[in-house]
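Peer 1: The following file, entry-v7.txt, comprises compact mmCIF, N, CA and C atoms:
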```
# COMPACT_ATOMS: atom_id res chain seq x y z
N GLN R 19 336.84 10.42 109.35
CA GLN R 19 338.05 9.74 109.84
C GLN R 19 338.86 10.70 110.69
N VAL R 20 339.17 10.28 111.89
CA VAL R 20 339.93 11.12 112.80
C VAL R 20 341.41 11.08 112.42
N GLN R 21 341.98 12.28 112.34
CA GLN R 21 343.41 12.37 112.05
C GLN R 21 344.04 13.49 112.85
N LEU R 22 345.26 13.26 113.30
CA LEU R 22 346.09 14.28 113.91
C LEU R 22 347.45 14.19 113.24
N VAL R 23 347.93 15.32 112.75
CA VAL R 23 349.20 15.34 112.03
C VAL R 23 350.08 16.42 112.63
N GLU R 24 351.21 15.99 113.18
CA GLU R 24 352.17 16.93 113.77
C GLU R 24 353.15 17.42 112.71
N SER R 25 353.61 18.64 112.91
CA SER R 25 354.65 19.20 112.04
C SER R 25 355.42 20.25 112.84
N GLY R 26 356.56 20.66 112.30
CA GLY R 26 357.33 21.73 112.90
C GLY R 26 358.56 21.29 113.67
N GLY R 27 358.77 19.99 113.77
CA GLY R 27 359.96 19.51 114.46
C GLY R 27 361.21 19.78 113.65
N GLY R 28 362.36 19.51 114.28
CA GLY R 28 363.62 19.72 113.58
C GLY R 28 364.78 19.76 114.55
N LEU R 29 365.91 20.19 114.01
CA LEU R 29 367.13 20.32 114.80
C LEU R 29 367.30 21.79 115.19
N VAL R 30 367.55 22.02 116.47
CA VAL R 30 367.71 23.38 116.96
C VAL R 30 368.80 23.39 118.01
N GLN R 31 369.50 24.50 118.12
CA GLN R 31 370.55 24.63 119.13
C GLN R 31 369.95 24.90 120.50
N PRO R 32 370.66 24.55 121.55
CA PRO R 32 370.18 24.89 122.90
C PRO R 32 369.89 26.38 123.03
N GLY R 33 368.78 26.68 123.66
CA GLY R 33 368.35 28.06 123.77
C GLY R 33 367.45 28.53 122.65
N GLY R 34 367.34 27.71 121.62
CA GLY R 34 366.53 28.08 120.47
C GLY R 34 365.05 27.79 120.67
N SER R 35 364.27 28.03 119.61
CA SER R 35 362.82 27.88 119.67
C SER R 35 362.31 27.07 118.48
N LEU R 36 361.20 26.42 118.70
CA LEU R 36 360.46 25.75 117.64
C LEU R 36 358.97 25.90 117.95
N ARG R 37 358.16 25.88 116.90
CA ARG R 37 356.72 25.84 117.10
C ARG R 37 356.17 24.60 116.41
N LEU R 38 355.61 23.73 117.20
CA LEU R 38 354.97 22.54 116.66
C LEU R 38 353.50 22.83 116.37
N SER R 39 353.01 22.20 115.33
CA SER R 39 351.59 22.30 114.98
C SER R 39 350.97 20.91 114.98
N CYS R 40 349.72 20.86 115.36
CA CYS R 40 348.95 19.62 115.32
C CYS R 40 347.67 19.91 114.55
N ALA R 41 347.64 19.48 113.31
CA ALA R 41 346.46 19.68 112.46
C ALA R 41 345.50 18.53 112.68
N THR R 42 344.26 18.85 113.03
CA THR R 42 343.29 17.81 113.33
C THR R 42 342.15 17.80 112.33
N SER R 43 341.54 16.65 112.17
CA SER R 43 340.36 16.52 111.32
C SER R 43 339.54 15.35 111.79
N GLY R 44 338.24 15.39 111.46
CA GLY R 44 337.36 14.29 111.82
C GLY R 44 336.72 14.41 113.18
N PHE R 45 337.02 15.48 113.89
CA PHE R 45 336.38 15.71 115.18
C PHE R 45 336.51 17.20 115.49
N THR R 46 335.83 17.63 116.52
CA THR R 46 335.86 19.05 116.85
C THR R 46 336.65 19.30 118.13
N LEU R 47 337.41 20.39 118.11
CA LEU R 47 338.17 20.78 119.29
C LEU R 47 337.25 21.31 120.39
N ASP R 48 335.97 21.44 120.09
CA ASP R 48 335.02 21.91 121.10
C ASP R 48 334.73 20.85 122.16
N ILE R 49 334.98 19.59 121.84
CA ILE R 49 334.67 18.53 122.83
C ILE R 49 335.87 17.65 123.15
N TYR R 50 336.97 17.86 122.42
CA TYR R 50 338.16 17.05 122.67
C TYR R 50 339.28 17.93 123.21
N ALA R 51 339.85 17.53 124.34
CA ALA R 51 341.09 18.14 124.80
C ALA R 51 342.23 17.65 123.92
N ILE R 52 343.24 18.48 123.81
CA ILE R 52 344.43 18.09 123.07
C ILE R 52 345.62 18.10 124.02
N GLY R 53 346.38 17.05 123.96
CA GLY R 53 347.60 16.97 124.75
C GLY R 53 348.81 16.81 123.86
N TRP R 54 349.90 17.38 124.31
CA TRP R 54 351.20 17.13 123.68
C TRP R 54 351.98 16.21 124.61
N PHE R 55 352.54 15.17 124.03
CA PHE R 55 353.34 14.20 124.76
C PHE R 55 354.69 14.09 124.06
N ARG R 56 355.66 13.54 124.75
CA ARG R 56 356.95 13.30 124.12
C ARG R 56 357.55 12.00 124.63
N GLN R 57 358.40 11.44 123.78
CA GLN R 57 359.08 10.20 124.16
C GLN R 57 360.52 10.27 123.69
N ALA R 58 361.42 10.24 124.65
CA ALA R 58 362.85 10.24 124.36
C ALA R 58 363.32 8.79 124.24
N PRO R 59 364.42 8.56 123.55
CA PRO R 59 364.93 7.20 123.40
C PRO R 59 365.14 6.53 124.75
N GLY R 60 364.60 5.33 124.88
CA GLY R 60 364.77 4.57 126.11
C GLY R 60 363.92 5.01 127.27
N LYS R 61 363.05 5.97 127.05
CA LYS R 61 362.19 6.48 128.12
C LYS R 61 360.72 6.29 127.79
N GLU R 62 359.89 6.37 128.81
CA GLU R 62 358.46 6.26 128.61
C GLU R 62 357.90 7.56 128.05
N ARG R 63 356.78 7.45 127.37
CA ARG R 63 356.11 8.63 126.86
C ARG R 63 355.56 9.43 128.04
N GLU R 64 355.72 10.73 127.99
CA GLU R 64 355.28 11.58 129.08
C GLU R 64 354.47 12.77 128.57
N GLY R 65 353.56 13.23 129.41
CA GLY R 65 352.76 14.39 129.06
C GLY R 65 353.55 15.67 129.22
N VAL R 66 353.37 16.57 128.27
CA VAL R 66 354.09 17.84 128.26
C VAL R 66 353.14 19.00 128.53
N SER R 67 352.02 19.02 127.82
CA SER R 67 351.09 20.13 127.95
C SER R 67 349.72 19.71 127.44
N TYR R 68 348.68 20.36 127.99
CA TYR R 68 347.32 20.02 127.63
C TYR R 68 346.49 21.30 127.51
N ILE R 69 345.49 21.26 126.63
CA ILE R 69 344.59 22.39 126.53
C ILE R 69 343.15 21.89 126.53
N SER R 70 342.35 22.52 127.35
CA SER R 70 340.98 22.07 127.56
C SER R 70 340.05 22.53 126.45
N SER R 71 339.13 21.64 126.07
CA SER R 71 338.08 22.03 125.13
C SER R 71 336.98 22.81 125.84
N TYR R 72 336.91 22.67 127.16
CA TYR R 72 335.83 23.27 127.95
C TYR R 72 335.98 24.78 128.06
N ASP R 73 337.20 25.22 128.45
CA ASP R 73 337.39 26.65 128.67
C ASP R 73 338.76 27.15 128.21
N GLY R 74 339.49 26.29 127.51
CA GLY R 74 340.80 26.70 127.01
C GLY R 74 341.89 26.72 128.06
N SER R 75 341.59 26.18 129.25
CA SER R 75 342.62 26.13 130.29
C SER R 75 343.82 25.33 129.80
N THR R 76 344.98 25.74 130.27
CA THR R 76 346.20 25.08 129.83
C THR R 76 346.97 24.52 131.03
N TYR R 77 347.69 23.45 130.79
CA TYR R 77 348.44 22.77 131.84
C TYR R 77 349.80 22.38 131.28
N TYR R 78 350.79 22.39 132.15
CA TYR R 78 352.15 22.11 131.73
C TYR R 78 352.85 21.20 132.73
N ALA R 79 353.71 20.36 132.19
CA ALA R 79 354.61 19.61 133.06
C ALA R 79 355.60 20.59 133.68
N ASP R 80 356.05 20.27 134.89
CA ASP R 80 357.00 21.17 135.58
C ASP R 80 358.25 21.40 134.75
N SER R 81 358.66 20.39 134.00
CA SER R 81 359.90 20.48 133.24
C SER R 81 359.85 21.50 132.10
N VAL R 82 358.64 21.89 131.69
CA VAL R 82 358.53 22.82 130.56
C VAL R 82 357.83 24.11 130.94
N LYS R 83 357.35 24.19 132.17
CA LYS R 83 356.60 25.37 132.61
C LYS R 83 357.46 26.63 132.46
N GLY R 84 356.89 27.65 131.87
CA GLY R 84 357.62 28.89 131.66
C GLY R 84 358.39 28.94 130.36
N ARG R 85 358.53 27.80 129.69
CA ARG R 85 359.26 27.75 128.42
C ARG R 85 358.36 27.38 127.25
N PHE R 86 357.37 26.55 127.49
CA PHE R 86 356.46 26.10 126.45
C PHE R 86 355.10 26.76 126.61
N THR R 87 354.43 26.99 125.48
CA THR R 87 353.09 27.55 125.50
C THR R 87 352.22 26.78 124.52
N ILE R 88 351.09 26.28 125.01
CA ILE R 88 350.14 25.58 124.16
C ILE R 88 349.01 26.54 123.81
N SER R 89 348.53 26.46 122.57
CA SER R 89 347.42 27.30 122.15
C SER R 89 346.66 26.57 121.05
N LYS R 90 345.49 27.08 120.72
CA LYS R 90 344.74 26.44 119.65
C LYS R 90 343.95 27.46 118.86
N ASP R 91 343.67 27.10 117.63
CA ASP R 91 342.84 27.89 116.73
C ASP R 91 341.71 26.98 116.29
N ASN R 92 340.55 27.12 116.93
CA ASN R 92 339.43 26.22 116.61
C ASN R 92 338.99 26.35 115.15
N ALA R 93 339.09 27.54 114.61
CA ALA R 93 338.66 27.75 113.23
C ALA R 93 339.54 26.98 112.26
N LYS R 94 340.80 26.81 112.63
CA LYS R 94 341.74 26.07 111.76
C LYS R 94 341.90 24.63 112.21
N ASN R 95 341.21 24.26 113.30
CA ASN R 95 341.33 22.89 113.84
C ASN R 95 342.78 22.52 114.11
N THR R 96 343.52 23.46 114.63
CA THR R 96 344.95 23.27 114.83
C THR R 96 345.35 23.69 116.25
N VAL R 97 346.24 22.91 116.82
CA VAL R 97 346.79 23.19 118.14
C VAL R 97 348.30 23.38 117.98
N TYR R 98 348.84 24.32 118.72
CA TYR R 98 350.25 24.67 118.61
C TYR R 98 350.97 24.43 119.94
N LEU R 99 352.27 24.19 119.82
CA LEU R 99 353.11 24.15 121.00
C LEU R 99 354.34 25.00 120.69
N GLN R 100 354.38 26.17 121.29
CA GLN R 100 355.54 27.04 121.14
C GLN R 100 356.56 26.65 122.19
N MET R 101 357.76 26.32 121.72
CA MET R 101 358.80 25.84 122.62
C MET R 101 359.98 26.81 122.57
N ASN R 102 360.25 27.45 123.67
CA ASN R 102 361.35 28.40 123.77
C ASN R 102 362.40 27.89 124.75
N SER R 103 363.57 28.49 124.69
CA SER R 103 364.66 28.13 125.60
C SER R 103 364.86 26.62 125.65
N LEU R 104 364.94 26.03 124.49
CA LEU R 104 365.03 24.58 124.41
C LEU R 104 366.34 24.07 124.99
N LYS R 105 366.25 22.90 125.60
CA LYS R 105 367.38 22.25 126.24
C LYS R 105 367.62 20.90 125.59
N PRO R 106 368.84 20.38 125.69
CA PRO R 106 369.09 19.04 125.12
C PRO R 106 368.13 17.98 125.67
N GLU R 107 367.71 18.12 126.90
CA GLU R 107 366.80 17.14 127.48
C GLU R 107 365.38 17.23 126.93
N ASP R 108 365.11 18.23 126.10
CA ASP R 108 363.82 18.30 125.40
C ASP R 108 363.81 17.44 124.14
N THR R 109 364.95 16.88 123.80
CA THR R 109 365.03 16.03 122.61
C THR R 109 364.12 14.82 122.76
N ALA R 110 363.24 14.64 121.78
CA ALA R 110 362.27 13.55 121.84
C ALA R 110 361.42 13.58 120.58
N VAL R 111 360.64 12.54 120.40
CA VAL R 111 359.55 12.58 119.43
C VAL R 111 358.34 13.15 120.15
N TYR R 112 357.74 14.17 119.54
CA TYR R 112 356.59 14.84 120.14
C TYR R 112 355.32 14.40 119.43
N TYR R 113 354.33 14.04 120.22
CA TYR R 113 353.05 13.57 119.71
C TYR R 113 351.93 14.47 120.21
N CYS R 114 350.92 14.69 119.37
CA CYS R 114 349.70 15.28 119.87
C CYS R 114 348.62 14.20 119.90
N ALA R 115 347.68 14.38 120.81
CA ALA R 115 346.63 13.38 120.99
C ALA R 115 345.34 14.06 121.42
N ALA R 116 344.23 13.42 121.13
CA ALA R 116 342.91 13.96 121.45
C ALA R 116 342.21 13.07 122.47
N GLY R 117 341.68 13.71 123.50
CA GLY R 117 340.95 12.99 124.54
C GLY R 117 339.60 13.64 124.76
N ALA R 118 338.55 12.84 124.79
CA ALA R 118 337.19 13.38 124.89
C ALA R 118 336.92 13.99 126.26
N GLN R 119 336.28 15.17 126.25
CA GLN R 119 335.84 15.80 127.49
C GLN R 119 334.31 15.85 127.57
N TYR R 120 333.66 15.98 126.43
CA TYR R 120 332.19 15.99 126.37
C TYR R 120 331.58 16.97 127.36
N GLY R 121 332.13 18.17 127.39
CA GLY R 121 331.55 19.21 128.21
C GLY R 121 332.02 19.23 129.64
N SER R 122 332.84 18.29 130.01
CA SER R 122 333.37 18.26 131.38
C SER R 122 334.53 19.24 131.51
N ALA R 123 334.68 19.79 132.70
CA ALA R 123 335.81 20.68 132.96
C ALA R 123 337.10 19.89 133.22
N TRP R 124 336.97 18.59 133.45
CA TRP R 124 338.14 17.76 133.75
C TRP R 124 338.96 17.56 132.48
N VAL R 125 340.24 17.86 132.55
CA VAL R 125 341.14 17.69 131.41
C VAL R 125 341.91 16.39 131.56
N PRO R 126 341.77 15.48 130.62
CA PRO R 126 342.52 14.23 130.72
C PRO R 126 344.02 14.50 130.65
N ARG R 127 344.79 13.76 131.45
CA ARG R 127 346.23 13.98 131.49
C ARG R 127 347.04 12.69 131.44
N SER R 128 346.37 11.56 131.50
CA SER R 128 347.12 10.31 131.40
C SER R 128 347.01 9.77 129.98
N LEU R 129 348.00 9.00 129.57
CA LEU R 129 348.06 8.51 128.19
C LEU R 129 346.81 7.72 127.83
N ASP R 130 346.30 6.92 128.76
CA ASP R 130 345.19 6.04 128.40
C ASP R 130 343.86 6.78 128.32
N GLU R 131 343.85 8.07 128.64
CA GLU R 131 342.64 8.87 128.48
C GLU R 131 342.57 9.51 127.10
N TYR R 132 343.59 9.33 126.32
CA TYR R 132 343.64 9.92 124.99
C TYR R 132 343.34 8.86 123.94
N ASP R 133 342.34 9.17 123.11
CA ASP R 133 341.80 8.17 122.19
C ASP R 133 342.51 8.14 120.84
N TYR R 134 342.95 9.30 120.39
CA TYR R 134 343.51 9.40 119.04
C TYR R 134 344.89 10.06 119.13
N TRP R 135 345.80 9.53 118.31
CA TRP R 135 347.19 9.98 118.36
C TRP R 135 347.70 10.27 116.96
N GLY R 136 348.60 11.25 116.88
CA GLY R 136 349.35 11.47 115.66
C GLY R 136 350.57 10.56 115.63
N LYS R 137 351.33 10.67 114.55
CA LYS R 137 352.49 9.80 114.37
C LYS R 137 353.77 10.39 114.94
N GLY R 138 353.72 11.67 115.31
CA GLY R 138 354.86 12.28 115.96
C GLY R 138 355.76 13.08 115.04
N THR R 139 356.51 13.99 115.66
CA THR R 139 357.51 14.77 114.95
C THR R 139 358.75 14.85 115.83
N GLN R 140 359.92 14.69 115.21
CA GLN R 140 361.17 14.62 115.97
C GLN R 140 361.66 16.03 116.28
N VAL R 141 362.03 16.23 117.54
CA VAL R 141 362.68 17.46 117.98
C VAL R 141 364.03 17.08 118.55
N THR R 142 365.08 17.67 118.00
CA THR R 142 366.43 17.41 118.47
C THR R 142 367.08 18.73 118.86
N VAL R 143 367.53 18.80 120.10
CA VAL R 143 368.18 20.00 120.61
C VAL R 143 369.65 19.66 120.85
N SER R 144 370.48 20.24 120.01
CA SER R 144 371.90 19.90 120.07
C SER R 144 372.73 20.99 119.44
N SER R 145 373.94 21.16 119.95
CA SER R 145 374.85 22.12 119.35
C SER R 145 375.77 21.41 118.36
```
Can the structure in the file be given as structure tokens, please?

Peer 2:
Amino acid sequence: QVQLVESGGGLVQPGGSLRLSCATSGFTLDIYAIGWFRQAPGKEREGVSYISSYDGSTYYADSVKGRFTISKDNAKNTVYLQMNSLKPEDTAVYYCAAGAQYGSAWVPRSLDEYDYWGKGTQVTVSS
């Protein structure tokens, strides 16, 4: 059974940091890319960062580039999102999702390319 479980969200002041974790089971990170997405109230879900199963390449939305870092530990089947210099506009529910690559170098980046989703973790940036 495929599962993705996010954790690490919470309330943080502007400028602070959080590290989100995405614990996966039922599939291997060797063939599935993992993406982090977020959805703020009243807004559409958007892609934040992605990590390739092919070569570990990483990709970031312009809004988080230089502040967020995605990484993974294949042995622990876990993907992380380190978020630094957080801003109020980063407030959202954060989701991780798995999209099949099957050996391709192409990293899926649109929502409909991701097959499995976690339930999300709330991140609130406020003073």

Peer 1: With a distance cut-off of 12 Å and only C-alpha atoms, select the neighbouring residues of R:Arg85, excluding the residue or stretch itself and same-chain residues fewer than 5 positions from it, and output the selection as a list in words.

Peer 2: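 My list of contacting residues is Gly33, Gly34, Ser35, Leu36, Arg37, Val66, Ser67, Tyr78, Ala79, Asp80, Leu99, Gln100, Met101, Asn102, Ser103, Leu104, Lys105 and Asp108 of chain R.
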
Peer 1: Quick check, in Å to one decimal: how far apart do atom CA of R:Asn95 and atom CA of R:Glu62 lie?

Peer 2: 28.1 Å

Peer 1: Between atom CA of R:Glu64 and atom N of R:Ala41, what is the distance in Å, rounded to a tenth?

Peer 2: 19.2 Å

Peer 1: Quick one: residues within 8 Å of R:Ser89, only N, CA and C atoms, excluding same-chain residues fewer than 4 positions away - as a compact mmCIF listing (two decimals) with N, CA and C atoms, keeping the file's coordinate frame?

Peer 2:
```txt
# COMPACT_ATOMS: atom_id res chain seq x y z
N TYR R 68 348.68 20.36 127.99
CA TYR R 68 347.32 20.02 127.63
C TYR R 68 346.49 21.30 127.51
N ILE R 69 345.49 21.26 126.63
CA ILE R 69 344.59 22.39 126.53
C ILE R 69 343.15 21.89 126.53
N THR R 76 344.98 25.74 130.27
CA THR R 76 346.20 25.08 129.83
C THR R 76 346.97 24.52 131.03
N THR R 96 343.52 23.46 114.63
CA THR R 96 344.95 23.27 114.83
C THR R 96 345.35 23.69 116.25
N VAL R 97 346.24 22.91 116.82
CA VAL R 97 346.79 23.19 118.14
C VAL R 97 348.30 23.38 117.98
N TYR R 98 348.84 24.32 118.72
CA TYR R 98 350.25 24.67 118.61
C TYR R 98 350.97 24.43 119.94
N LEU R 99 352.27 24.19 119.82
CA LEU R 99 353.11 24.15 121.00
C LEU R 99 354.34 25.00 120.69
N GLN R 100 354.38 26.17 121.29
CA GLN R 100 355.54 27.04 121.14
C GLN R 100 356.56 26.65 122.19
```

Peer 1: Would you give me, as an NGL selection string, the residues in chain R that DSSP reads as strand (DSSP E)?

Peer 2: :R and (21-25 or 28-30 or 36-43 or 50-57 or 64-69 or 76-78 or 86-91 or 96-101 or 110-118 or 134-135 or 139-143)

Peer 1: Can you work out which one of R:Gly117, R:Gly84, R:Gly27, R:Gly60 has the shortest atom-to-atom distance to R:Tyr134, counting only N, CA and C atoms?

Peer 2: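 With only N, CA and C atoms as the atom set, the closest residue is R:Gly117.
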
Peer 1: Using the chain letters and numbers from this document, which residues of chain R does DSSP assign to helix (DSSP H, G or I), as a ChimeraX atom specification?

Peer 2: /R:92-94,106-108,129-131

Peer 1: Could you please take those selected residues and save N, CA and C atoms as a PDB file, in the coordinates of the input?

Peer 2:
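Generated output (again_17.pdb):
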```
ATOM      1  N   ASN R  92     340.550  27.120 116.930  1.00  0.00           N
ATOM      2  CA  ASN R  92     339.430  26.220 116.610  1.00  0.00           C
ATOM      3  C   ASN R  92     338.990  26.350 115.150  1.00  0.00           C
ATOM      4  N   ALA R  93     339.090  27.540 114.610  1.00  0.00           N
ATOM      5  CA  ALA R  93     338.660  27.750 113.230  1.00  0.00           C
ATOM      6  C   ALA R  93     339.540  26.980 112.260  1.00  0.00           C
ATOM      7  N   LYS R  94     340.800  26.810 112.630  1.00  0.00           N
ATOM      8  CA  LYS R  94     341.740  26.070 111.760  1.00  0.00           C
ATOM      9  C   LYS R  94     341.900  24.630 112.210  1.00  0.00           C
ATOM     10  N   PRO R 106     368.840  20.380 125.690  1.00  0.00           N
ATOM     11  CA  PRO R 106     369.090  19.040 125.120  1.00  0.00           C
ATOM     12  C   PRO R 106     368.130  17.980 125.670  1.00  0.00           C
ATOM     13  N   GLU R 107     367.710  18.120 126.900  1.00  0.00           N
ATOM     14  CA  GLU R 107     366.800  17.140 127.480  1.00  0.00           C
ATOM     15  C   GLU R 107     365.380  17.230 126.930  1.00  0.00           C
ATOM     16  N   ASP R 108     365.110  18.230 126.100  1.00  0.00           N
ATOM     17  CA  ASP R 108     363.820  18.300 125.400  1.00  0.00           C
ATOM     18  C   ASP R 108     363.810  17.440 124.140  1.00  0.00           C
ATOM     19  N   LEU R 129     348.000   9.000 129.570  1.00  0.00           N
ATOM     20  CA  LEU R 129     348.060   8.510 128.190  1.00  0.00           C
ATOM     21  C   LEU R 129     346.810   7.720 127.830  1.00  0.00           C
ATOM     22  N   ASP R 130     346.300   6.920 128.760  1.00  0.00           N
ATOM     23  CA  ASP R 130     345.190   6.040 128.400  1.00  0.00           C
ATOM     24  C   ASP R 130     343.860   6.780 128.320  1.00  0.00           C
ATOM     25  N   GLU R 131     343.850   8.070 128.640  1.00  0.00           N
ATOM     26  CA  GLU R 131     342.640   8.870 128.480  1.00  0.00           C
ATOM     27  C   GLU R 131     342.570   9.510 127.100  1.00  0.00           C
TER      28      GLU R 131
END
```

Peer 1: Please fill the gaps in stretch 61-70 of chain R so it has all heavy atoms, and write that as a compact mmCIF listing (two decimals), in the coordinates of the input.

Peer 2:
```txt
# COMPACT_ATOMS: atom_id res chain seq x y z
N LYS R 61 363.05 5.97 127.05
CA LYS R 61 362.19 6.48 128.12
C LYS R 61 360.72 6.29 127.79
O LYS R 61 360.35 6.10 126.64
CB LYS R 61 362.49 7.96 128.38
CG LYS R 61 363.88 8.22 128.91
CD LYS R 61 364.04 9.66 129.34
CE LYS R 61 365.41 9.91 129.94
NZ LYS R 61 365.57 11.33 130.39
N GLU R 62 359.89 6.37 128.81
CA GLU R 62 358.46 6.26 128.61
C GLU R 62 357.90 7.56 128.05
O GLU R 62 358.45 8.64 128.25
CB GLU R 62 357.76 5.93 129.93
CG GLU R 62 358.12 4.55 130.47
CD GLU R 62 357.29 4.19 131.69
OE1 GLU R 62 356.58 5.07 132.21
OE2 GLU R 62 357.39 3.03 132.12
N ARG R 63 356.78 7.45 127.37
CA ARG R 63 356.11 8.63 126.86
C ARG R 63 355.56 9.43 128.04
O ARG R 63 354.99 8.85 128.97
CB ARG R 63 354.98 8.22 125.91
CG ARG R 63 354.43 9.36 125.08
CD ARG R 63 353.48 8.85 124.00
NE ARG R 63 354.16 7.96 123.06
CZ ARG R 63 353.60 7.52 121.93
NH1 ARG R 63 352.37 7.89 121.61
NH2 ARG R 63 354.26 6.71 121.14
N GLU R 64 355.72 10.73 127.99
CA GLU R 64 355.28 11.58 129.08
C GLU R 64 354.47 12.77 128.57
O GLU R 64 354.67 13.23 127.45
CB GLU R 64 356.49 12.12 129.87
CG GLU R 64 357.42 13.00 129.07
CD GLU R 64 358.54 13.59 129.90
OE1 GLU R 64 358.61 13.34 131.11
OE2 GLU R 64 359.37 14.32 129.31
N GLY R 65 353.56 13.23 129.41
CA GLY R 65 352.76 14.39 129.06
C GLY R 65 353.55 15.67 129.22
O GLY R 65 354.31 15.82 130.17
N VAL R 66 353.37 16.57 128.27
CA VAL R 66 354.09 17.84 128.26
C VAL R 66 353.14 19.00 128.53
O VAL R 66 353.40 19.85 129.38
CB VAL R 66 354.78 18.05 126.90
CG1 VAL R 66 355.41 19.43 126.81
CG2 VAL R 66 355.83 16.97 126.67
N SER R 67 352.02 19.02 127.82
CA SER R 67 351.09 20.13 127.95
C SER R 67 349.72 19.71 127.44
O SER R 67 349.62 18.83 126.58
CB SER R 67 351.60 21.34 127.15
OG SER R 67 350.74 22.45 127.29
N TYR R 68 348.68 20.36 127.99
CA TYR R 68 347.32 20.02 127.63
C TYR R 68 346.49 21.30 127.51
O TYR R 68 346.77 22.29 128.22
CB TYR R 68 346.66 19.14 128.70
CG TYR R 68 347.54 18.05 129.22
CD1 TYR R 68 348.37 18.27 130.32
CD2 TYR R 68 347.57 16.79 128.62
CE1 TYR R 68 349.20 17.28 130.80
CE2 TYR R 68 348.39 15.79 129.09
CZ TYR R 68 349.20 16.04 130.18
OH TYR R 68 350.02 15.03 130.65
N ILE R 69 345.49 21.26 126.63
CA ILE R 69 344.59 22.39 126.53
C ILE R 69 343.15 21.89 126.53
O ILE R 69 342.82 20.94 125.82
CB ILE R 69 344.90 23.26 125.29
CG1 ILE R 69 344.06 24.56 125.32
CG2 ILE R 69 344.71 22.50 123.99
CD1 ILE R 69 344.60 25.64 124.38
N SER R 70 342.35 22.52 127.35
CA SER R 70 340.98 22.07 127.56
C SER R 70 340.05 22.53 126.45
O SER R 70 340.15 23.66 125.96
CB SER R 70 340.48 22.64 128.89
OG SER R 70 339.10 22.41 129.07
```
